[in-house]
$ cat protein_19.tsv   # TSV, C-alpha atoms and all ligand atoms
chain	number	residue	atom	x	y	z
A	1	MET	CA	0.00	0.00	0.00
A	2	TYR	CA	2.85	2.34	0.93
A	3	ALA	CA	4.68	1.25	-2.24
A	4	GLN	CA	1.70	2.30	-4.40
A	5	MET	CA	1.50	5.71	-2.70
A	6	VAL	CA	5.22	6.23	-3.23
A	7	LYS	CA	5.13	5.38	-6.93
A	8	SER	CA	2.19	7.61	-7.76
A	9	ASP	CA	3.55	10.51	-5.68
A	10	VAL	CA	6.86	10.67	-7.52
A	11	GLY	CA	5.25	11.97	-10.70
A	12	GLN	CA	3.34	14.66	-8.80
A	13	ASP	CA	6.41	16.71	-8.04
A	14	ASP	CA	7.69	19.51	-10.25
A	15	PRO	CA	10.47	18.13	-12.57
A	16	ALA	CA	12.83	21.09	-11.98
A	17	ARG	CA	12.57	20.69	-8.21
A	18	LEU	CA	13.03	16.95	-8.48
A	19	ALA	CA	16.17	17.45	-10.59
A	20	ALA	CA	17.60	19.96	-8.10
A	21	PHE	CA	16.84	17.57	-5.26
A	22	GLN	CA	18.51	14.68	-7.08
A	23	ALA	CA	21.57	16.88	-7.74
A	24	ARG	CA	21.91	17.50	-3.99
A	25	ILE	CA	21.73	13.76	-3.33
A	26	ASP	CA	24.26	13.02	-6.10
A	27	ALA	CA	26.62	15.62	-4.63
A	28	GLY	CA	26.52	13.76	-1.31
A	29	GLU	CA	24.65	16.49	0.58
A	30	LYS	CA	22.55	15.55	3.58
A	31	ILE	CA	18.83	16.28	3.41
A	32	GLU	CA	17.50	17.76	6.66
A	33	PRO	CA	13.87	17.66	7.91
A	34	LYS	CA	13.02	21.26	6.97
A	35	ASP	CA	14.45	20.95	3.45
A	36	TRP	CA	12.11	20.44	0.52
A	37	MET	CA	11.84	16.78	-0.45
A	38	PRO	CA	9.66	14.78	-2.86
A	39	GLU	CA	6.69	13.09	-1.22
A	40	GLY	CA	7.98	9.71	-2.40
A	41	TYR	CA	11.31	10.30	-0.64
A	42	ARG	CA	9.54	11.26	2.57
A	43	LYS	CA	7.20	8.28	2.44
A	44	THR	CA	9.95	5.83	1.60
A	45	LEU	CA	11.94	7.07	4.59
A	46	ILE	CA	8.93	6.82	6.90
A	47	ARG	CA	8.36	3.26	5.68
A	48	GLN	CA	11.98	2.20	6.09
A	49	ILE	CA	12.82	4.07	9.31
A	50	GLY	CA	9.47	3.07	10.82
A	51	GLN	CA	10.01	-0.58	9.90
A	52	HIS	CA	13.49	-0.36	11.35
A	53	ALA	CA	12.21	1.21	14.61
A	54	HIS	CA	9.51	-1.46	14.94
A	55	SER	CA	12.16	-4.15	14.40
A	56	GLU	CA	14.24	-2.81	17.26
A	57	ILE	CA	11.22	-2.80	19.58
A	58	VAL	CA	9.77	-6.17	18.52
A	59	GLY	CA	13.36	-7.50	18.51
A	60	GLN	CA	13.43	-7.15	22.30
A	61	LEU	CA	10.83	-9.91	22.66
A	62	PRO	CA	12.79	-13.03	21.59
A	63	GLU	CA	15.74	-11.97	23.78
A	64	GLY	CA	13.64	-10.70	26.66
A	65	ASN	CA	12.37	-14.28	26.77
A	66	TRP	CA	15.80	-15.37	28.14
A	67	ILE	CA	16.60	-12.63	30.67
A	68	THR	CA	15.16	-14.60	33.59
A	69	ARG	CA	16.83	-17.81	32.42
A	70	ALA	CA	20.35	-16.56	31.59
A	71	PRO	CA	22.87	-19.09	32.99
A	72	SER	CA	24.77	-16.65	35.25
A	73	LEU	CA	24.40	-13.23	36.86
A	74	GLU	CA	26.99	-11.82	34.43
A	75	ARG	CA	25.15	-13.18	31.37
A	76	LYS	CA	21.87	-11.83	32.74
A	77	ALA	CA	23.35	-8.32	33.21
A	78	ILE	CA	24.82	-8.35	29.69
A	79	LEU	CA	21.58	-9.54	28.07
A	80	LEU	CA	19.54	-7.02	30.03
A	81	ALA	CA	21.83	-4.20	28.83
A	82	LYS	CA	21.58	-5.41	25.24
A	83	VAL	CA	17.78	-5.53	25.31
A	84	GLN	CA	17.72	-2.01	26.82
A	85	ASP	CA	19.99	-0.84	23.98
A	86	GLU	CA	17.44	-2.14	21.46
A	87	ALA	CA	14.76	-0.03	23.17
A	88	GLY	CA	17.06	2.98	22.81
A	89	HIS	CA	17.60	2.25	19.11
A	90	GLY	CA	13.85	2.09	18.59
A	91	ARG	CA	13.51	5.47	20.28
A	92	TYR	CA	16.18	7.20	18.17
A	93	LEU	CA	14.57	5.79	15.07
A	94	TYR	CA	11.03	6.84	16.02
A	95	CYS	CA	12.44	10.33	16.66
A	96	ALA	CA	14.11	10.33	13.23
A	97	ALA	CA	10.78	9.30	11.65
A	98	GLU	CA	8.93	12.00	13.60
A	99	THR	CA	11.08	14.67	11.91
A	100	LEU	CA	9.30	13.62	8.69
A	101	GLY	CA	5.90	14.55	10.07
A	102	VAL	CA	4.53	11.26	11.38
A	103	SER	CA	3.88	10.68	15.06
A	104	ARG	CA	5.17	7.73	17.03
A	105	ASP	CA	1.58	6.93	18.01
A	106	ALA	CA	0.56	6.72	14.34
A	107	LEU	CA	3.53	4.46	13.56
A	108	THR	CA	2.71	2.18	16.49
A	109	GLU	CA	-0.92	1.93	15.43
A	110	MET	CA	0.16	1.04	11.89
A	111	LEU	CA	2.36	-1.75	13.30
A	112	ILE	CA	-0.40	-3.15	15.47
A	113	ASP	CA	-3.03	-3.15	12.74
A	114	GLY	CA	-0.65	-4.74	10.22
A	115	ARG	CA	-0.12	-1.77	7.89
A	116	MET	CA	3.59	-1.63	8.71
A	117	LYS	CA	6.16	-4.39	8.85
A	118	TYR	CA	9.04	-5.32	11.14
A	119	SER	CA	11.94	-7.63	10.37
A	120	SER	CA	10.92	-11.17	9.46
A	121	ILE	CA	13.63	-12.60	11.74
A	122	PHE	CA	11.72	-11.77	14.91
A	123	ASN	CA	8.92	-14.12	13.96
A	124	TYR	CA	11.13	-17.10	14.82
A	125	PRO	CA	11.25	-18.46	18.38
A	126	THR	CA	14.30	-18.52	20.69
A	127	LEU	CA	14.22	-22.04	22.06
A	128	THR	CA	17.53	-22.48	23.93
A	129	TRP	CA	20.25	-20.36	25.54
A	130	ALA	CA	22.44	-20.95	22.46
A	131	ASP	CA	19.84	-18.98	20.49
A	132	MET	CA	20.98	-15.88	22.41
A	133	GLY	CA	24.42	-16.54	20.94
A	134	ALA	CA	23.06	-17.10	17.45
A	135	VAL	CA	20.87	-13.99	17.59
A	136	GLY	CA	23.79	-11.79	18.70
A	137	TRP	CA	26.25	-13.32	16.24
A	138	LEU	CA	24.01	-13.72	13.18
A	139	VAL	CA	21.05	-11.37	13.61
A	140	ASP	CA	23.03	-8.42	14.98
A	141	GLY	CA	25.78	-9.35	12.49
A	142	ALA	CA	23.31	-9.06	9.60
A	143	ALA	CA	21.90	-5.85	11.08
A	144	ILE	CA	25.39	-4.28	11.21
A	145	MET	CA	26.14	-5.34	7.64
A	146	ASN	CA	22.97	-3.53	6.58
A	147	GLN	CA	23.32	-0.54	8.87
A	148	VAL	CA	27.00	0.46	8.52
A	149	PRO	CA	26.40	1.73	4.95
A	150	LEU	CA	23.25	3.51	6.22
A	151	GLN	CA	25.51	5.81	8.26
A	152	ARG	CA	26.08	7.49	4.87
A	153	THR	CA	22.41	7.57	3.93
A	154	SER	CA	21.14	10.87	2.51
A	155	PHE	CA	18.68	11.80	5.27
A	156	GLY	CA	20.60	13.51	8.09
A	157	PRO	CA	18.64	12.33	11.17
A	158	TYR	CA	18.66	8.70	9.96
A	159	ALA	CA	22.38	8.74	9.14
A	160	ARG	CA	23.23	10.23	12.54
A	161	ALA	CA	21.04	7.73	14.41
A	162	MET	CA	22.81	4.91	12.56
A	163	ILE	CA	26.24	6.01	13.82
A	164	ARG	CA	25.26	5.45	17.44
A	165	VAL	CA	23.20	2.35	16.69
A	166	CYS	CA	26.10	0.69	14.84
A	167	LYS	CA	28.52	1.24	17.71
A	168	GLU	CA	26.15	-0.55	20.07
A	169	GLU	CA	25.28	-3.28	17.57
A	170	SER	CA	28.93	-4.23	17.20
A	171	PHE	CA	29.11	-4.83	20.95
A	172	HIS	CA	25.95	-6.92	20.63
A	173	GLN	CA	27.46	-9.03	17.90
A	174	ARG	CA	30.60	-9.69	19.92
A	175	GLN	CA	28.59	-10.77	22.97
A	176	GLY	CA	26.68	-13.19	20.73
A	177	PHE	CA	29.90	-14.59	19.30
A	178	ASP	CA	31.27	-14.93	22.84
A	179	ILE	CA	28.24	-17.02	23.86
A	180	MET	CA	28.71	-19.18	20.75
A	181	MET	CA	32.43	-19.65	21.60
A	182	LYS	CA	31.59	-20.81	25.12
A	183	MET	CA	28.95	-23.22	23.83
A	184	ALA	CA	30.89	-24.49	20.82
A	185	LYS	CA	34.04	-25.14	22.90
A	186	GLY	CA	32.05	-26.54	25.85
A	187	THR	CA	30.59	-30.01	26.50
A	188	ALA	CA	29.26	-32.18	23.68
A	189	ALA	CA	25.71	-31.20	24.70
A	190	GLN	CA	26.57	-27.47	24.57
A	191	LYS	CA	28.21	-27.83	21.16
A	192	LYS	CA	25.14	-29.66	19.89
A	193	MET	CA	22.94	-26.84	21.17
A	194	ALA	CA	25.13	-24.25	19.40
A	195	GLN	CA	24.98	-26.20	16.13
A	196	ASP	CA	21.21	-26.50	16.42
A	197	ALA	CA	20.90	-22.72	16.93
A	198	LEU	CA	23.04	-22.08	13.84
A	199	ASN	CA	20.94	-24.56	11.86
A	200	ARG	CA	17.71	-22.76	12.74
A	201	PHE	CA	18.95	-19.16	12.41
A	202	TRP	CA	21.10	-19.38	9.26
A	203	PHE	CA	18.48	-19.06	6.55
A	204	PRO	CA	16.20	-16.66	8.46
A	205	SER	CA	19.29	-14.43	8.93
A	206	LEU	CA	19.92	-14.45	5.17
A	207	MET	CA	16.28	-13.39	4.69
A	208	MET	CA	16.86	-10.26	6.79
A	209	PHE	CA	18.44	-8.56	3.77
A	210	GLY	CA	15.15	-8.73	1.90
A	211	PRO	CA	14.12	-10.52	-1.31
A	212	SER	CA	16.65	-11.20	-4.06
A	213	ASP	CA	17.42	-8.17	-6.23
A	214	LYS	CA	15.15	-9.32	-9.05
A	215	ASP	CA	12.18	-9.29	-6.64
A	216	SER	CA	13.06	-6.16	-4.66
A	217	VAL	CA	10.37	-3.56	-5.28
A	218	HIS	CA	12.07	-0.52	-3.79
A	219	SER	CA	15.83	-0.98	-4.28
A	220	ALA	CA	16.28	0.97	-7.53
A	221	GLN	CA	14.50	4.15	-6.38
A	222	SER	CA	15.84	3.90	-2.81
A	223	MET	CA	19.40	3.57	-4.09
A	224	ALA	CA	18.99	6.53	-6.45
A	225	TRP	CA	17.87	8.57	-3.41
A	226	LYS	CA	20.67	7.08	-1.24
A	227	ILE	CA	18.09	5.83	1.23
A	228	LYS	CA	19.67	2.43	0.58
A	229	MET	CA	23.37	2.26	-0.23
A	230	ASN	CA	23.57	-1.36	-1.49
A	231	THR	CA	21.28	-3.92	-3.01
A	232	ASN	CA	19.87	-6.73	-0.87
A	233	ASP	CA	21.99	-9.37	-2.66
A	234	GLU	CA	25.21	-7.37	-2.29
A	235	LEU	CA	24.79	-7.18	1.47
A	236	ARG	CA	23.72	-10.84	1.74
A	237	GLN	CA	26.91	-11.86	-0.10
A	238	LYS	CA	29.07	-9.75	2.22
A	239	PHE	CA	27.37	-11.31	5.25
A	240	VAL	CA	27.99	-14.85	3.99
A	241	ASP	CA	31.64	-14.02	3.22
A	242	GLN	CA	32.13	-12.68	6.73
A	243	THR	CA	30.22	-15.39	8.58
A	244	VAL	CA	31.36	-18.65	6.94
A	245	PRO	CA	34.96	-18.34	8.28
A	246	GLN	CA	33.59	-17.39	11.71
A	247	ALA	CA	31.52	-20.60	11.78
A	248	ALA	CA	34.65	-22.57	10.85
A	249	TYR	CA	36.53	-20.89	13.70
A	250	LEU	CA	33.77	-22.00	16.07
A	251	GLY	CA	34.00	-25.55	14.71
A	252	LEU	CA	30.37	-25.39	13.58
A	253	THR	CA	28.89	-26.26	10.20
A	254	VAL	CA	26.78	-23.84	8.20
A	255	PRO	CA	23.62	-25.79	7.23
A	256	ASP	CA	24.22	-25.46	3.49
A	257	ASP	CA	26.31	-28.13	1.72
A	258	THR	CA	26.51	-26.05	-1.43
A	259	ILE	CA	28.77	-23.45	0.24
A	260	ALA	CA	32.04	-23.22	-1.68
A	261	TRP	CA	34.65	-20.53	-2.23
A	262	ASN	CA	34.35	-19.04	-5.69
A	263	ALA	CA	37.74	-17.54	-6.55
A	264	ALA	CA	36.42	-15.91	-9.73
A	265	LYS	CA	33.90	-13.78	-7.84
A	266	GLY	CA	36.01	-13.50	-4.66
A	267	GLY	CA	33.17	-14.73	-2.46
A	268	TYR	CA	31.31	-17.85	-1.41
A	269	ASP	CA	28.63	-19.51	-3.49
A	270	PHE	CA	25.68	-20.37	-1.25
A	271	ALA	CA	22.08	-21.59	-1.38
A	272	GLU	CA	19.25	-19.06	-1.52
A	273	PRO	CA	16.81	-19.14	1.39
A	274	ASP	CA	13.37	-20.61	0.79
A	275	TRP	CA	11.69	-17.44	-0.51
A	276	SER	CA	8.21	-18.92	-0.21
A	277	GLU	CA	8.81	-19.22	3.55
A	278	PHE	CA	10.00	-15.58	3.63
A	279	PHE	CA	6.89	-14.26	1.88
A	280	ASP	CA	4.70	-16.44	4.06
A	281	VAL	CA	6.28	-14.98	7.22
A	282	LEU	CA	5.73	-11.47	5.80
A	283	LYS	CA	2.05	-12.31	5.33
A	284	GLY	CA	1.78	-13.05	9.05
A	285	ASN	CA	2.18	-16.82	8.96
A	286	GLY	CA	5.55	-17.25	10.71
A	287	PRO	CA	5.80	-19.26	13.94
A	288	CYS	CA	5.56	-16.18	16.22
A	289	ASN	CA	3.83	-13.39	14.21
A	290	SER	CA	0.60	-13.37	16.19
A	291	GLU	CA	2.44	-13.68	19.53
A	292	ARG	CA	4.68	-10.69	18.68
A	293	ILE	CA	1.83	-8.44	17.59
A	294	ALA	CA	-0.29	-9.49	20.58
A	295	ALA	CA	2.59	-8.48	22.89
A	296	ARG	CA	2.93	-5.08	21.20
A	297	ARG	CA	-0.85	-4.53	21.28
A	298	LYS	CA	-1.00	-5.38	24.99
A	299	ALA	CA	1.90	-3.00	25.80
A	300	TRP	CA	0.17	-0.25	23.80
A	301	GLU	CA	-3.20	-0.77	25.48
A	302	ASP	CA	-1.72	-1.19	28.98
A	303	GLY	CA	0.22	2.06	28.49
A	304	ALA	CA	-2.82	4.12	27.45
A	305	TRP	CA	-3.30	5.59	30.95
A	306	VAL	CA	0.36	6.66	31.07
A	307	ARG	CA	0.08	8.47	27.74
A	308	ALA	CA	-3.18	10.11	28.82
A	309	GLY	CA	-1.63	11.19	32.14
A	310	MET	CA	1.46	12.65	30.44
A	311	LEU	CA	-0.68	14.57	27.96
A	312	ALA	CA	-2.96	15.91	30.71
A	313	HIS	CA	0.12	17.01	32.68
A	314	ALA	CA	1.59	18.77	29.63
A	315	GLU	CA	-1.74	20.56	28.99
A	316	LYS	CA	-1.93	21.68	32.62
A	317	LYS	CA	1.64	22.98	32.53
A	318	LYS	CA	0.95	24.86	29.31
A	319	ALA	CA	-2.23	26.43	30.75
A	320	ARG	CA	-0.35	27.50	33.91
A	321	LYS	CA	2.43	29.05	31.84
A	322	MET	CA	-0.08	30.95	29.69
A	323	ALA	CA	-1.96	32.22	32.76
A	324	ALA	CA	1.32	33.52	34.26
A	325	GLU	CA	2.26	35.42	31.09
B	401	LIG	N1	11.46	-8.44	6.95
B	401	LIG	O1	11.77	-3.87	-2.08
B	401	LIG	P1	12.37	-4.51	-0.88
B	401	LIG	C1	17.16	-4.98	13.92
B	401	LIG	C2	9.71	-6.08	2.76
B	401	LIG	S1	17.57	-5.64	12.41
B	401	LIG	C3	10.26	-7.85	6.74
B	401	LIG	O2	13.73	-5.09	-1.01
B	401	LIG	P2	13.33	-2.40	0.89
B	401	LIG	C4	17.64	-5.65	15.15
B	401	LIG	C5	9.89	-4.60	2.43
B	401	LIG	O3	9.56	-3.78	3.54
B	401	LIG	C6	16.28	-5.38	11.24
B	401	LIG	N2	9.93	-7.23	5.59
B	401	LIG	O4	12.30	-3.47	0.35
B	401	LIG	C7	18.69	-6.53	15.14
B	401	LIG	C8	8.93	-4.46	1.27
B	401	LIG	O5	7.60	-4.44	1.73
B	401	LIG	P3	6.68	-3.06	1.74
B	401	LIG	C9	15.88	-3.99	10.94
B	401	LIG	C10	10.88	-7.17	4.63
B	401	LIG	O6	12.65	-1.59	1.95
B	401	LIG	C11	19.07	-7.19	16.28
B	401	LIG	C12	9.07	-5.79	0.55
B	401	LIG	O7	9.53	-6.71	1.51
B	401	LIG	N3	16.75	-3.33	10.02
B	401	LIG	O8	16.46	-4.02	13.97
B	401	LIG	O9	13.99	-1.66	-0.22
B	401	LIG	C13	18.39	-7.00	17.46
B	401	LIG	C14	9.99	-5.73	-0.66
B	401	LIG	O10	11.37	-5.62	-0.28
B	401	LIG	C15	12.15	-7.71	4.81
B	401	LIG	C16	16.25	-2.52	9.06
B	401	LIG	O11	15.07	-2.34	8.92
B	401	LIG	C17	12.43	-8.37	6.02
B	401	LIG	N4	13.61	-8.97	6.28
B	401	LIG	O12	14.49	-3.29	1.56
B	401	LIG	C18	17.32	-6.12	17.49
B	401	LIG	C19	17.28	-1.83	8.20
B	401	LIG	N5	12.87	-7.49	3.69
B	401	LIG	O13	7.36	-2.14	2.77
B	401	LIG	C20	16.94	-5.44	16.33
B	401	LIG	C21	16.71	-0.81	7.28
B	401	LIG	C22	12.07	-6.84	2.84
B	401	LIG	O14	6.70	-2.50	0.35
B	401	LIG	N6	15.88	-1.39	6.25
B	401	LIG	N7	10.86	-6.65	3.40
B	401	LIG	O15	5.33	-3.51	2.21
B	401	LIG	C23	16.37	-1.76	5.03
B	401	LIG	O16	17.55	-1.70	4.76
B	401	LIG	C24	15.36	-2.23	4.01
B	401	LIG	O17	14.08	-1.81	4.41
B	401	LIG	C25	15.35	-3.78	3.77
B	401	LIG	C26	14.28	-4.07	2.70
B	401	LIG	C27	16.71	-4.24	3.27
B	401	LIG	C28	14.99	-4.53	5.03
$ encode --input "protein_19.tsv" --output "structure tokens" --more "lines below"
Ligand code: BYC
Amino acid sequence: MYAQMVKSDVGQDDPARLAAFQARIDAGEKIEPKDWMPEGYRKTLIRQIGQHAHSEIVGQLPEGNWITRAPSLERKAILLAKVQDEAGHGRYLYCAAETLGVSRDALTEMLIDGRMKYSSIFNYPTLTWADMGAVGWLVDGAAIMNQVPLQRTSFGPYARAMIRVCKEESFHQRQGFDIMMKMAKGTAAQKKMAQDALNRFWFPSLMMFGPSDKDSVHSAQSMAWKIKMNTNDELRQKFVDQTVPQAAYLGLTVPDDTIAWNAAKGGYDFAEPDWSEFFDVLKGNGPCNSERIAARRKAWEDGAWVRAGMLAHAEKKKARKMAAE
């Protein structure tokens, strides 16, 4: 629905203004909230930043699931800090989206009623402690691969938010790898658990980069506007090239027997994920979609009195200030 709005809006803008805008982008200038921008640019950013913010918030749920069951006090403190960081990332991103003229409340309502998406990866369950390792290593690893180039994205508030987010995500990835190291070098049962986590998270992690380039709806326009800096397949390839040697270092096996170094392309050949599963998860049919949305809906409804109280307080303060003036 958003995609349709974006396409039809592009043609509505004055060609001279569009050309001047494109020239600014091509020259590497940052676009700031008060600058003129085409409606399609604004809507694409709201879609992408909003989806990103929702992913950070929904992404707390599969890890939050393990805070009470972390195997030591130290692991619990680290996981708690990581989950709090994700909340912070969501907040920066909602703020960046708000500079484009959409409220956080509107974005949240669009998430809850299914008009906006969040990353497919968070519709998979976290079944064992090793999954905390796999999520940090693979899911945060994929997120960093996607987000480091976004530090150079054309919209100023998004690019600046990404700088802070990426610093924290690289800590997250290292804590995930550290858990995997402990498990993979531990007892036979721990190693088995680590392998099982890699088996379940490998293909869903590859899906995080979005559909293959031939099926990507938005890549061409988003790359022309520097809202995206790379295609989905480029980033997926970089992720595989980085991760396969890491799995070997851990003594684990990537669940894809077609993986082979391809000297001609300077990267690994690998199997595509099952794209029918990906599109099915996007439609709401993944193992945890309804659980995730139910959790967000409950938090939204349970928090209604807090929002109402804060608004009433702000109104009262404003009225007092006006009366004193
Ligand atoms: N999941 O034309 P395409 C994180 C949708 S990490 C769900 O290629 P685009 C975290 C796409 O929205 C994750 N939906 O789209 C990590 C579009 O549908 P609509 C968050 C997906 O936008 C650890 C349709 O498929 N990161 O937060 O050019 C712990 C066609 O795709 C997915 C970001 O969001 C997917 N995996 O490219 C905690 C990074 N892939 O909207 C938290 C910023 C595609 O037309 N986002 N779709 O209905 C991006 O870079 C891009 O939006 C994507 C997709 C690469 C994800």
$ closest_residue --input "protein_19.tsv" --among "A:Asp131, A:Glu168, A:Glu325, A:Asp140" --to "Ala70 of chain A" --atoms "only C-alpha atoms"
A:Asp131
$ atom_distance --input "protein_19.tsv" --atom1 "atom CA of Trp129 of chain A" --atom2 "atom CA of Arg69 of chain A"
8.1 Å
$ atom_distance --input "protein_19.tsv" --atom1 "atom CA of Ala143 of chain A" --atom2 "atom CA of Leu73 of chain A"
26.9 Å
$ atom_distance --input "protein_19.tsv" --atom1 "atom CA of Ala323 of chain A" --atom2 "atom CA of Arg307 of chain A"
24.4 Å
$ residues_near_point --input "protein_19.tsv" --point "(27.3, -2.0, 6.7)" --cutoff "10 Å" --atoms "only C-alpha atoms" --output "list in words"
Gly141, Ala142, Ala143, Ile144, Met145, Asn146, Gln147, Val148, Pro149, Leu150, Gln151, Arg152, Cys166, Met229, Asn230, Leu235, Lys238 and Phe239 of chain A
$ closest_residue --input "protein_19.tsv" --among "A:Asn285, A:Asn232, A:Thr99, A:Thr68" --to "ligand LIG 401 (chain B)" --atoms "only C-alpha atoms and all ligand atoms"
A:Asn232
$ closest_atom_pairs --input "protein_19.tsv" --of "segment 80-186 of chain A" --to "segment 23-33 of chain A" --cutoff "10 Å" --atoms "all atoms listed in the file" --output "tab-separated table"
residue	atom	partner	partner_atom	distance
A:Ala96	CA	A:Pro33	CA	9.1
A:Ala97	CA	A:Pro33	CA	9.7
A:Glu98	CA	A:Pro33	CA	9.4
A:Thr99	CA	A:Pro33	CA	5.7
A:Leu100	CA	A:Pro33	CA	6.1
A:Gly101	CA	A:Pro33	CA	8.8
A:Arg152	CA	A:Gly28	CA	8.8
A:Thr153	CA	A:Lys30	CA	8.0
A:Ser154	CA	A:Lys30	CA	5.0
A:Phe155	CA	A:Ile31	CA	4.9
A:Gly156	CA	A:Lys30	CA	5.3
A:Pro157	CA	A:Glu32	CA	7.2
A:Tyr158	CA	A:Glu32	CA	9.7
A:Ala159	CA	A:Lys30	CA	8.8
$ closest_residue --input "protein_19.tsv" --among "A:Lys43, A:Arg292, A:Arg174, A:Arg320" --to "Gln246 of chain A" --atoms "all atoms listed in the file"
A:Arg174
$ residues_around --input "protein_19.tsv" --residues "segment 207-222 of chain A" --least-positions-apart "3" --cutoff "8 Å" --atoms "only C-alpha atoms" --output "PyMOL selection string"
chain A and resi 3+44+119-121+142-143+146+203-204+225-228+231-233+235-236+273+275+278
$ write_last_selection --input "protein_19.tsv" --atoms "C-alpha atoms" --output "PDB file, keeping the file's coordinate frame"
ATOM      1  CA  ALA A   3       4.680   1.250  -2.240  1.00  0.00           C
ATOM      2  CA  THR A  44       9.950   5.830   1.600  1.00  0.00           C
ATOM      3  CA  SER A 119      11.940  -7.630  10.370  1.00  0.00           C
ATOM      4  CA  SER A 120      10.920 -11.170   9.460  1.00  0.00           C
ATOM      5  CA  ILE A 121      13.630 -12.600  11.740  1.00  0.00           C
ATOM      6  CA  ALA A 142      23.310  -9.060   9.600  1.00  0.00           C
ATOM      7  CA  ALA A 143      21.900  -5.850  11.080  1.00  0.00           C
ATOM      8  CA  ASN A 146      22.970  -3.530   6.580  1.00  0.00           C
ATOM      9  CA  PHE A 203      18.480 -19.060   6.550  1.00  0.00           C
ATOM     10  CA  PRO A 204      16.200 -16.660   8.460  1.00  0.00           C
ATOM     11  CA  TRP A 225      17.870   8.570  -3.410  1.00  0.00           C
ATOM     12  CA  LYS A 226      20.670   7.080  -1.240  1.00  0.00           C
ATOM     13  CA  ILE A 227      18.090   5.830   1.230  1.00  0.00           C
ATOM     14  CA  LYS A 228      19.670   2.430   0.580  1.00  0.00           C
ATOM     15  CA  THR A 231      21.280  -3.920  -3.010  1.00  0.00           C
ATOM     16  CA  ASN A 232      19.870  -6.730  -0.870  1.00  0.00           C
ATOM     17  CA  ASP A 233      21.990  -9.370  -2.660  1.00  0.00           C
ATOM     18  CA  LEU A 235      24.790  -7.180   1.470  1.00  0.00           C
ATOM     19  CA  ARG A 236      23.720 -10.840   1.740  1.00  0.00           C
ATOM     20  CA  PRO A 273      16.810 -19.140   1.390  1.00  0.00           C
ATOM     21  CA  TRP A 275      11.690 -17.440  -0.510  1.00  0.00           C
ATOM     22  CA  PHE A 278      10.000 -15.580   3.630  1.00  0.00           C
TER      23      PHE A 278
END
$ closest_residue --input "protein_19.tsv" --among "A:Val102, A:Ala294, A:Gly266, A:Ala194" --to "Arg42 of chain A" --atoms "only C-alpha atoms"
A:Val102
$ closest_residue --input "protein_19.tsv" --among "A:Ala81, A:Ala161, A:Ile49, A:Ala304" --to "Gly64 of chain A" --atoms "all atoms listed in the file"
A:Ala81
$ closest_residue --input "protein_19.tsv" --among "A:Asp14, A:Asp280, A:Asp241, A:Glu39" --to "ligand LIG 401 (chain B)" --atoms "only C-alpha atoms and all ligand atoms"
A:Asp280
$ residues_around --input "protein_19.tsv" --residues "Leu127 of chain A" --least-positions-apart "3" --cutoff "12 Å" --atoms "only C-alpha atoms" --output "ChimeraX atom specification"
/A:62-63,65-66,69,124,130-135,193-194,196-197,200-201,288
$ residues_around --input "protein_19.tsv" --residues "Tyr249 of chain A" --least-positions-apart "6" --cutoff "10 Å" --atoms "only C-alpha atoms" --output "compact mmCIF listing (two decimals) with C-alpha atoms, keeping the file's coordinate frame"
# COMPACT_ATOMS: atom_id res chain seq x y z
CA MET A 181 32.43 -19.65 21.60
CA ALA A 184 30.89 -24.49 20.82
CA THR A 243 30.22 -15.39 8.58
$ residues_near_point --input "protein_19.tsv" --point "(28.9, -13.8, 16.5)" --cutoff "6 Å" --atoms "only C-alpha atoms" --output "short mmCIF file (atom, residue, chain, number, x, y, z; two decimals) with C-alpha atoms, in the frame of the given file"
data_model
loop_
_atom_site.label_atom_id
_atom_site.label_comp_id
_atom_site.auth_asym_id
_atom_site.auth_seq_id
_atom_site.Cartn_x
_atom_site.Cartn_y
_atom_site.Cartn_z
CA GLY A 136 23.79 -11.79 18.70
CA TRP A 137 26.25 -13.32 16.24
CA LEU A 138 24.01 -13.72 13.18
CA GLN A 173 27.46 -9.03 17.90
CA ARG A 174 30.60 -9.69 19.92
CA GLY A 176 26.68 -13.19 20.73
CA PHE A 177 29.90 -14.59 19.30
#
